[in-house]
Amino acid sequence: MLDIAAELHRWCEEGRDFAVATVVSVGGSAPRQPGAALAVDAEGTAVGSVSGGCVEGAVYELCQEALSTGETVRETFGYSDEDAFAVGLTCGGVIDVLVTPVPAADRRVRPVLAAAASAAADGRTTALARIVDGPPELLGGALLVRPDGGWDGTLGGHPELDRTAAAEARALLDAGRTATVVIGAEGSRCGQPVTLLAEASVEPPRMIVFGAVDFAGSLVRIGKFLNYHVTVCDARPVFATALRFPDADEVVVDWPHRYLEKTEVDARTVLCVLTHDAKFDVPLLERALRLPVAYVGAMGSARTHQDRLRRLREAGVGEPELALLRSPIGLDLGARTPEETALSIAGEIVANRRGGSGTPLTGARTPIHHDTRAASDRIGSVA
């Protein structure tokens, strides 16, 4: 649901009645992951998507029905072998969708959803936990969980359920993940297990582009498109200017290795080294390859790469660290222009993040969706 937070926040501010359908589990080659949502207001306006088009019409009707009946329902959609034109996922996957009415007069769930949408729209770190399977009277109950472990709202069952759910949601929030969590009957105190969907809304991951070169402008733009917080860093003030990189979130004038030593990075950060100048590259990569970041790539020809490896070895960088370096940076697309090169780099970053091979899908027998750190991972039962 938090993927359409900005629109839902506006609807709540305007006092609109609406229903929201959220993907709560997937199987096979499903086009969207848990947390993806479609919302429909009382006037019939729709925002978001749960399937990329396959079952949008049927889910739209479920939202309208939920607005009429006031009932929360869970529906399963999958491929129909008997009728290829029947409502279903022609890609062969299966999705479960939770449809929840959110009228303006609701005083239980709406305040929680409104607060979660507001926080996500503002870029604040928060988690939304909802019951997606369990006793009918608890279905759709919601908690807003803060980074400090506190929460607002109630799932509607025993206080122990709220405490357990808040703890599980906070753990996922710390990891920046959206996932389902099964809480056993003992932990739920409601006589039977319940399943939560915990959606994490965290600050965008960082992309740091070192080198204020022509290729950097295109990479900044595609980085923003991929929802990265993008920084450009270069030691040369004449090139590192906001005027040259208007799409960057920040432009820093500093020696790259010095900036990297003092800035914050995490396991989602990607570092793109475009300077291909040894006096910048070597001290920067010597530090970058020892950090727990998601990706380190460096621009340069194969010859430049070999010379760079030699210099890094002389600087004491070990083989395990060197194996992490993506160089020459990007996928083999035959790229020539800055825009094509940026696409090549972005493709490698996405493949690295999602566990893709970077090979053409035509004729491939591997899954289309094979996220190695999938947001749909199911967490074990909590007693």
# chains A, B, ... in the order shown; residues from 1 in each chain; ligands from 1

$ residues_around --residues "A:Val270" --least-positions-apart "4" --cutoff "6 Å" --atoms "only C-alpha atoms" --output "MDAnalysis selection string"
chainID A and resid 207 294:295

$ residues_around --residues "A:Leu260" --least-positions-apart "3" --cutoff "12 Å" --atoms "only C-alpha atoms" --output "PDB file with N, CA, C and O atoms, in the first residue's frame"
ATOM      1  N   MET A 207      22.962   6.372  -4.111  1.00  0.00           N
ATOM      2  CA  MET A 207      23.868   6.168  -5.238  1.00  0.00           C
ATOM      3  C   MET A 207      24.870   7.310  -5.193  1.00  0.00           C
ATOM      4  O   MET A 207      24.479   8.482  -5.249  1.00  0.00           O
ATOM      5  N   ILE A 208      26.153   6.980  -5.070  1.00  0.00           N
ATOM      6  CA  ILE A 208      27.190   8.005  -5.064  1.00  0.00           C
ATOM      7  C   ILE A 208      27.983   7.864  -6.355  1.00  0.00           C
ATOM      8  O   ILE A 208      28.565   6.810  -6.623  1.00  0.00           O
ATOM      9  N   VAL A 209      27.968   8.912  -7.154  1.00  0.00           N
ATOM     10  CA  VAL A 209      28.658   8.924  -8.435  1.00  0.00           C
ATOM     11  C   VAL A 209      29.930   9.749  -8.266  1.00  0.00           C
ATOM     12  O   VAL A 209      29.875  10.950  -8.005  1.00  0.00           O
ATOM     13  N   PHE A 210      31.059   9.105  -8.397  1.00  0.00           N
ATOM     14  CA  PHE A 210      32.346   9.775  -8.256  1.00  0.00           C
ATOM     15  C   PHE A 210      32.879  10.125  -9.649  1.00  0.00           C
ATOM     16  O   PHE A 210      33.068   9.245 -10.486  1.00  0.00           O
ATOM     17  N   THR A 231      24.154  11.350  -5.149  1.00  0.00           N
ATOM     18  CA  THR A 231      25.199  12.334  -4.843  1.00  0.00           C
ATOM     19  C   THR A 231      26.275  12.259  -5.911  1.00  0.00           C
ATOM     20  O   THR A 231      26.687  11.170  -6.306  1.00  0.00           O
ATOM     21  N   VAL A 232      26.716  13.421  -6.373  1.00  0.00           N
ATOM     22  CA  VAL A 232      27.855  13.511  -7.280  1.00  0.00           C
ATOM     23  C   VAL A 232      29.016  14.106  -6.499  1.00  0.00           C
ATOM     24  O   VAL A 232      28.862  15.133  -5.831  1.00  0.00           O
ATOM     25  N   CYS A 233      30.177  13.458  -6.571  1.00  0.00           N
ATOM     26  CA  CYS A 233      31.358  13.928  -5.853  1.00  0.00           C
ATOM     27  C   CYS A 233      32.545  14.013  -6.808  1.00  0.00           C
ATOM     28  O   CYS A 233      32.814  13.077  -7.552  1.00  0.00           O
ATOM     29  N   ASP A 234      33.240  15.161  -6.758  1.00  0.00           N
ATOM     30  CA  ASP A 234      34.445  15.355  -7.566  1.00  0.00           C
ATOM     31  C   ASP A 234      35.312  16.402  -6.874  1.00  0.00           C
ATOM     32  O   ASP A 234      34.781  17.326  -6.243  1.00  0.00           O
ATOM     33  N   VAL A 252      28.950  17.419  -4.321  1.00  0.00           N
ATOM     34  CA  VAL A 252      29.977  17.621  -3.302  1.00  0.00           C
ATOM     35  C   VAL A 252      31.329  17.853  -3.969  1.00  0.00           C
ATOM     36  O   VAL A 252      31.724  17.099  -4.870  1.00  0.00           O
ATOM     37  N   ASP A 254      34.992  17.515  -3.188  1.00  0.00           N
ATOM     38  CA  ASP A 254      35.920  16.907  -2.232  1.00  0.00           C
ATOM     39  C   ASP A 254      36.669  15.793  -2.958  1.00  0.00           C
ATOM     40  O   ASP A 254      36.197  15.272  -3.972  1.00  0.00           O
ATOM     41  N   TRP A 255      37.833  15.433  -2.428  1.00  0.00           N
ATOM     42  CA  TRP A 255      38.507  14.259  -2.946  1.00  0.00           C
ATOM     43  C   TRP A 255      37.625  13.049  -2.660  1.00  0.00           C
ATOM     44  O   TRP A 255      37.140  12.881  -1.536  1.00  0.00           O
ATOM     45  N   PRO A 256      37.384  12.207  -3.656  1.00  0.00           N
ATOM     46  CA  PRO A 256      36.451  11.082  -3.487  1.00  0.00           C
ATOM     47  C   PRO A 256      36.723  10.211  -2.268  1.00  0.00           C
ATOM     48  O   PRO A 256      35.793   9.882  -1.522  1.00  0.00           O
ATOM     49  N   HIS A 257      37.984   9.831  -2.045  1.00  0.00           N
ATOM     50  CA  HIS A 257      38.246   8.932  -0.916  1.00  0.00           C
ATOM     51  C   HIS A 257      37.996   9.614   0.420  1.00  0.00           C
ATOM     52  O   HIS A 257      37.565   8.983   1.381  1.00  0.00           O
ATOM     53  N   THR A 263      31.210  10.045   4.851  1.00  0.00           N
ATOM     54  CA  THR A 263      29.777   9.983   4.577  1.00  0.00           C
ATOM     55  C   THR A 263      29.207   8.644   5.032  1.00  0.00           C
ATOM     56  O   THR A 263      29.947   7.674   5.233  1.00  0.00           O
ATOM     57  N   GLU A 264      27.884   8.569   5.188  1.00  0.00           N
ATOM     58  CA  GLU A 264      27.230   7.347   5.634  1.00  0.00           C
ATOM     59  C   GLU A 264      26.828   6.483   4.443  1.00  0.00           C
ATOM     60  O   GLU A 264      26.244   6.968   3.475  1.00  0.00           O
ATOM     61  N   VAL A 265      27.149   5.201   4.532  1.00  0.00           N
ATOM     62  CA  VAL A 265      26.731   4.217   3.532  1.00  0.00           C
ATOM     63  C   VAL A 265      26.152   3.026   4.266  1.00  0.00           C
ATOM     64  O   VAL A 265      26.346   2.855   5.468  1.00  0.00           O
ATOM     65  N   ASP A 266      25.405   2.182   3.539  1.00  0.00           N
ATOM     66  CA  ASP A 266      24.864   0.972   4.136  1.00  0.00           C
ATOM     67  C   ASP A 266      24.815  -0.125   3.094  1.00  0.00           C
ATOM     68  O   ASP A 266      25.365   0.018   1.994  1.00  0.00           O
ATOM     69  N   THR A 269      23.693   0.813  -0.510  1.00  0.00           N
ATOM     70  CA  THR A 269      24.396   1.878  -1.230  1.00  0.00           C
ATOM     71  C   THR A 269      25.119   1.327  -2.456  1.00  0.00           C
ATOM     72  O   THR A 269      25.746   0.272  -2.405  1.00  0.00           O
ATOM     73  N   VAL A 270      25.052   2.077  -3.566  1.00  0.00           N
ATOM     74  CA  VAL A 270      25.824   1.727  -4.759  1.00  0.00           C
ATOM     75  C   VAL A 270      26.824   2.841  -5.038  1.00  0.00           C
ATOM     76  O   VAL A 270      26.503   4.027  -4.938  1.00  0.00           O
ATOM     77  N   LEU A 271      28.060   2.436  -5.361  1.00  0.00           N
ATOM     78  CA  LEU A 271      29.152   3.368  -5.617  1.00  0.00           C
ATOM     79  C   LEU A 271      29.591   3.209  -7.070  1.00  0.00           C
ATOM     80  O   LEU A 271      29.981   2.120  -7.490  1.00  0.00           O
ATOM     81  N   CYS A 272      29.517   4.299  -7.828  1.00  0.00           N
ATOM     82  CA  CYS A 272      29.877   4.267  -9.238  1.00  0.00           C
ATOM     83  C   CYS A 272      31.060   5.205  -9.465  1.00  0.00           C
ATOM     84  O   CYS A 272      30.926   6.425  -9.296  1.00  0.00           O
ATOM     85  N   VAL A 273      32.190   4.647  -9.832  1.00  0.00           N
ATOM     86  CA  VAL A 273      33.433   5.399  -9.989  1.00  0.00           C
ATOM     87  C   VAL A 273      33.660   5.645 -11.480  1.00  0.00           C
ATOM     88  O   VAL A 273      33.998   4.721 -12.222  1.00  0.00           O
ATOM     89  N   PHE A 280      42.619   9.388  -8.446  1.00  0.00           N
ATOM     90  CA  PHE A 280      41.337   9.386  -7.741  1.00  0.00           C
ATOM     91  C   PHE A 280      40.872   7.959  -7.452  1.00  0.00           C
ATOM     92  O   PHE A 280      40.419   7.641  -6.352  1.00  0.00           O
ATOM     93  N   PRO A 283      42.925   5.339  -4.403  1.00  0.00           N
ATOM     94  CA  PRO A 283      42.608   5.539  -2.976  1.00  0.00           C
ATOM     95  C   PRO A 283      41.128   5.392  -2.670  1.00  0.00           C
ATOM     96  O   PRO A 283      40.749   4.954  -1.582  1.00  0.00           O
ATOM     97  N   LEU A 284      40.280   5.717  -3.650  1.00  0.00           N
ATOM     98  CA  LEU A 284      38.835   5.569  -3.446  1.00  0.00           C
ATOM     99  C   LEU A 284      38.441   4.100  -3.391  1.00  0.00           C
ATOM    100  O   LEU A 284      37.759   3.658  -2.455  1.00  0.00           O
ATOM    101  N   LEU A 285      38.861   3.308  -4.375  1.00  0.00           N
ATOM    102  CA  LEU A 285      38.487   1.900  -4.420  1.00  0.00           C
ATOM    103  C   LEU A 285      39.127   1.105  -3.296  1.00  0.00           C
ATOM    104  O   LEU A 285      38.555   0.123  -2.817  1.00  0.00           O
ATOM    105  N   GLU A 286      40.317   1.525  -2.861  1.00  0.00           N
ATOM    106  CA  GLU A 286      40.974   0.861  -1.733  1.00  0.00           C
ATOM    107  C   GLU A 286      40.062   0.873  -0.514  1.00  0.00           C
ATOM    108  O   GLU A 286      40.013  -0.094   0.253  1.00  0.00           O
ATOM    109  N   ARG A 287      39.288   1.951  -0.344  1.00  0.00           N
ATOM    110  CA  ARG A 287      38.364   2.069   0.785  1.00  0.00           C
ATOM    111  C   ARG A 287      37.000   1.476   0.442  1.00  0.00           C
ATOM    112  O   ARG A 287      36.385   0.794   1.259  1.00  0.00           O
ATOM    113  N   ALA A 288      36.535   1.734  -0.775  1.00  0.00           N
ATOM    114  CA  ALA A 288      35.186   1.303  -1.166  1.00  0.00           C
ATOM    115  C   ALA A 288      35.028  -0.209  -1.114  1.00  0.00           C
ATOM    116  O   ALA A 288      33.977  -0.723  -0.693  1.00  0.00           O
ATOM    117  N   LEU A 289      36.053  -0.946  -1.537  1.00  0.00           N
ATOM    118  CA  LEU A 289      35.944  -2.396  -1.612  1.00  0.00           C
ATOM    119  C   LEU A 289      35.965  -3.066  -0.249  1.00  0.00           C
ATOM    120  O   LEU A 289      35.736  -4.276  -0.136  1.00  0.00           O
ATOM    121  N   ARG A 290      36.221  -2.307   0.798  1.00  0.00           N
ATOM    122  CA  ARG A 290      36.215  -2.845   2.151  1.00  0.00           C
ATOM    123  C   ARG A 290      34.972  -2.428   2.932  1.00  0.00           C
ATOM    124  O   ARG A 290      34.859  -2.721   4.124  1.00  0.00           O
ATOM    125  N   LEU A 291      34.041  -1.760   2.261  1.00  0.00           N
ATOM    126  CA  LEU A 291      32.810  -1.317   2.909  1.00  0.00           C
ATOM    127  C   LEU A 291      31.666  -2.293   2.621  1.00  0.00           C
ATOM    128  O   LEU A 291      31.614  -2.901   1.539  1.00  0.00           O
ATOM    129  N   VAL A 293      28.793  -2.376   1.223  1.00  0.00           N
ATOM    130  CA  VAL A 293      27.835  -1.742   0.322  1.00  0.00           C
ATOM    131  C   VAL A 293      27.330  -2.762  -0.686  1.00  0.00           C
ATOM    132  O   VAL A 293      27.850  -3.875  -0.800  1.00  0.00           O
TER     133      VAL A 293
END

$ residues_around --residues "A:Glu13" --least-positions-apart "3" --cutoff "10 Å" --atoms "only C-alpha atoms" --output "JSON, numbers by chain"
{"A": [7, 8, 9, 10, 16, 104, 114, 118]}

$ write_last_selection --atoms "all heavy atoms" --output "PDB file, in the first residue's frame"
ATOM      1  N   GLU A   7      -0.684   9.469  -3.092  1.00  0.00           N
ATOM      2  CA  GLU A   7      -2.079   9.616  -3.517  1.00  0.00           C
ATOM      3  C   GLU A   7      -3.040   9.337  -2.362  1.00  0.00           C
ATOM      4  O   GLU A   7      -4.029  10.061  -2.170  1.00  0.00           O
ATOM      5  CB  GLU A   7      -2.371   8.679  -4.681  1.00  0.00           C
ATOM      6  CG  GLU A   7      -1.666   9.040  -5.979  1.00  0.00           C
ATOM      7  CD  GLU A   7      -0.272   8.435  -6.062  1.00  0.00           C
ATOM      8  OE1 GLU A   7       0.202   7.897  -5.041  1.00  0.00           O
ATOM      9  OE2 GLU A   7       0.327   8.485  -7.147  1.00  0.00           O
ATOM     10  N   LEU A   8      -2.767   8.296  -1.580  1.00  0.00           N
ATOM     11  CA  LEU A   8      -3.654   7.973  -0.462  1.00  0.00           C
ATOM     12  C   LEU A   8      -3.616   9.060   0.612  1.00  0.00           C
ATOM     13  O   LEU A   8      -4.646   9.355   1.230  1.00  0.00           O
ATOM     14  CB  LEU A   8      -3.268   6.619   0.140  1.00  0.00           C
ATOM     15  CG  LEU A   8      -3.480   5.397  -0.753  1.00  0.00           C
ATOM     16  CD1 LEU A   8      -3.224   4.123   0.027  1.00  0.00           C
ATOM     17  CD2 LEU A   8      -4.886   5.387  -1.346  1.00  0.00           C
ATOM     18  N   HIS A   9      -2.455   9.639   0.829  1.00  0.00           N
ATOM     19  CA  HIS A   9      -2.366  10.745   1.785  1.00  0.00           C
ATOM     20  C   HIS A   9      -3.263  11.893   1.329  1.00  0.00           C
ATOM     21  O   HIS A   9      -4.004  12.486   2.152  1.00  0.00           O
ATOM     22  CB  HIS A   9      -0.915  11.209   1.907  1.00  0.00           C
ATOM     23  CG  HIS A   9      -0.744  12.445   2.728  1.00  0.00           C
ATOM     24  ND1 HIS A   9      -1.158  12.538   4.044  1.00  0.00           N
ATOM     25  CD2 HIS A   9      -0.209  13.663   2.415  1.00  0.00           C
ATOM     26  CE1 HIS A   9      -0.877  13.744   4.508  1.00  0.00           C
ATOM     27  NE2 HIS A   9      -0.319  14.442   3.541  1.00  0.00           N
ATOM     28  N   ARG A  10      -3.241  12.204   0.052  1.00  0.00           N
ATOM     29  CA  ARG A  10      -4.084  13.288  -0.471  1.00  0.00           C
ATOM     30  C   ARG A  10      -5.563  12.921  -0.337  1.00  0.00           C
ATOM     31  O   ARG A  10      -6.377  13.770   0.058  1.00  0.00           O
ATOM     32  CB  ARG A  10      -3.730  13.553  -1.931  1.00  0.00           C
ATOM     33  CG  ARG A  10      -4.565  14.659  -2.581  1.00  0.00           C
ATOM     34  CD  ARG A  10      -3.974  15.064  -3.917  1.00  0.00           C
ATOM     35  NE  ARG A  10      -3.857  13.927  -4.819  1.00  0.00           N
ATOM     36  CZ  ARG A  10      -4.841  13.482  -5.586  1.00  0.00           C
ATOM     37  NH1 ARG A  10      -6.043  14.071  -5.550  1.00  0.00           N
ATOM     38  NH2 ARG A  10      -4.659  12.457  -6.400  1.00  0.00           N
ATOM     39  N   ARG A  16     -11.919  11.618   1.359  1.00  0.00           N
ATOM     40  CA  ARG A  16     -12.569  10.682   0.425  1.00  0.00           C
ATOM     41  C   ARG A  16     -12.764   9.307   1.058  1.00  0.00           C
ATOM     42  O   ARG A  16     -11.941   8.840   1.850  1.00  0.00           O
ATOM     43  CB  ARG A  16     -11.715  10.495  -0.825  1.00  0.00           C
ATOM     44  CG  ARG A  16     -11.463  11.729  -1.643  1.00  0.00           C
ATOM     45  CD  ARG A  16     -10.931  11.314  -3.009  1.00  0.00           C
ATOM     46  NE  ARG A  16     -10.246  12.395  -3.680  1.00  0.00           N
ATOM     47  CZ  ARG A  16      -9.795  12.325  -4.940  1.00  0.00           C
ATOM     48  NH1 ARG A  16      -9.975  11.207  -5.631  1.00  0.00           N
ATOM     49  NH2 ARG A  16      -9.164  13.340  -5.484  1.00  0.00           N
ATOM     50  N   ALA A 104     -14.259   7.387   5.276  1.00  0.00           N
ATOM     51  CA  ALA A 104     -13.817   8.522   6.090  1.00  0.00           C
ATOM     52  C   ALA A 104     -14.304   8.414   7.523  1.00  0.00           C
ATOM     53  O   ALA A 104     -13.653   8.918   8.444  1.00  0.00           O
ATOM     54  CB  ALA A 104     -14.300   9.831   5.456  1.00  0.00           C
ATOM     55  N   ALA A 114      -3.938   6.355   7.287  1.00  0.00           N
ATOM     56  CA  ALA A 114      -3.667   7.749   6.947  1.00  0.00           C
ATOM     57  C   ALA A 114      -2.307   8.186   7.481  1.00  0.00           C
ATOM     58  O   ALA A 114      -1.537   8.866   6.789  1.00  0.00           O
ATOM     59  CB  ALA A 114      -4.771   8.647   7.509  1.00  0.00           C
ATOM     60  N   SER A 118       0.916   9.236   5.213  1.00  0.00           N
ATOM     61  CA  SER A 118       1.555  10.533   5.424  1.00  0.00           C
ATOM     62  C   SER A 118       3.050  10.373   5.659  1.00  0.00           C
ATOM     63  O   SER A 118       3.870  11.094   5.075  1.00  0.00           O
ATOM     64  CB  SER A 118       0.910  11.245   6.617  1.00  0.00           C
ATOM     65  OG  SER A 118       1.575  12.453   6.906  1.00  0.00           O
TER      66      SER A 118
END

$ closest_residue --among "A:Ala37, A:Ala129, A:Leu324, A:Val99" --to "A:Gln64" --atoms "only C-alpha atoms"
A:Val99

$ select_by_dssp --residues "stretch 53-266 of chain A" --states "strand (DSSP E)" --output "PyMOL selection string"
chain A and resi 73-78+94-102+126-133+142-145+151-154+179-183+194-201+206-210+229-234+250-253

$ decode --residues "stretch 152-202 of chain A" --atoms "C-alpha atoms" --output "compact mmCIF listing (two decimals), in the first residue's frame"
# COMPACT_ATOMS: atom_id res chain seq x y z
CA ASP A 152 -0.14 3.41 16.96
CA GLY A 153 -3.44 1.62 16.41
CA THR A 154 -4.44 -1.93 17.26
CA LEU A 155 -4.93 -5.17 15.37
CA GLY A 156 -8.13 -5.68 17.31
CA GLY A 157 -7.17 -8.76 19.28
CA HIS A 158 -5.24 -9.31 22.49
CA PRO A 159 -2.60 -6.66 23.46
CA GLU A 160 -0.01 -9.44 23.20
CA LEU A 161 -0.77 -9.65 19.48
CA ASP A 162 -0.03 -5.93 19.08
CA ARG A 163 3.26 -6.26 20.96
CA THR A 164 4.37 -9.29 18.97
CA ALA A 165 3.36 -7.75 15.65
CA ALA A 166 5.15 -4.47 16.46
CA ALA A 167 8.35 -6.34 17.30
CA GLU A 168 8.22 -8.34 14.06
CA ALA A 169 7.45 -5.26 11.97
CA ARG A 170 10.30 -3.34 13.57
CA ALA A 171 12.74 -6.15 12.72
CA LEU A 172 11.68 -5.96 9.07
CA LEU A 173 11.86 -2.17 9.19
CA ASP A 174 15.46 -2.38 10.41
CA ALA A 175 16.23 -4.55 7.38
CA GLY A 176 14.25 -2.31 5.02
CA ARG A 177 12.12 -5.26 3.91
CA THR A 178 8.46 -5.95 3.23
CA ALA A 179 7.39 -9.50 4.09
CA THR A 180 4.70 -11.68 5.65
CA VAL A 181 5.04 -12.98 9.20
CA VAL A 182 3.07 -15.85 10.72
CA ILE A 183 2.31 -15.42 14.43
CA GLY A 184 1.30 -18.63 16.16
CA ALA A 185 -1.80 -19.04 18.29
CA GLU A 186 0.17 -18.47 21.50
CA GLY A 187 1.66 -15.21 20.29
CA SER A 188 -1.65 -13.99 18.90
CA ARG A 189 -3.67 -14.93 22.00
CA CYS A 190 -6.72 -15.24 19.75
CA GLY A 191 -6.89 -19.01 19.56
CA GLN A 192 -5.44 -19.44 16.08
CA PRO A 193 -2.45 -18.24 14.01
CA VAL A 194 -2.58 -14.96 12.15
CA THR A 195 -0.55 -13.77 9.19
CA LEU A 196 0.75 -10.22 9.01
CA LEU A 197 1.93 -8.25 6.04
CA ALA A 198 4.55 -5.77 7.27
CA GLU A 199 5.36 -3.06 4.74
CA ALA A 200 8.55 -1.10 5.36
CA SER A 201 8.93 2.47 4.17
CA VAL A 202 12.55 3.58 4.45
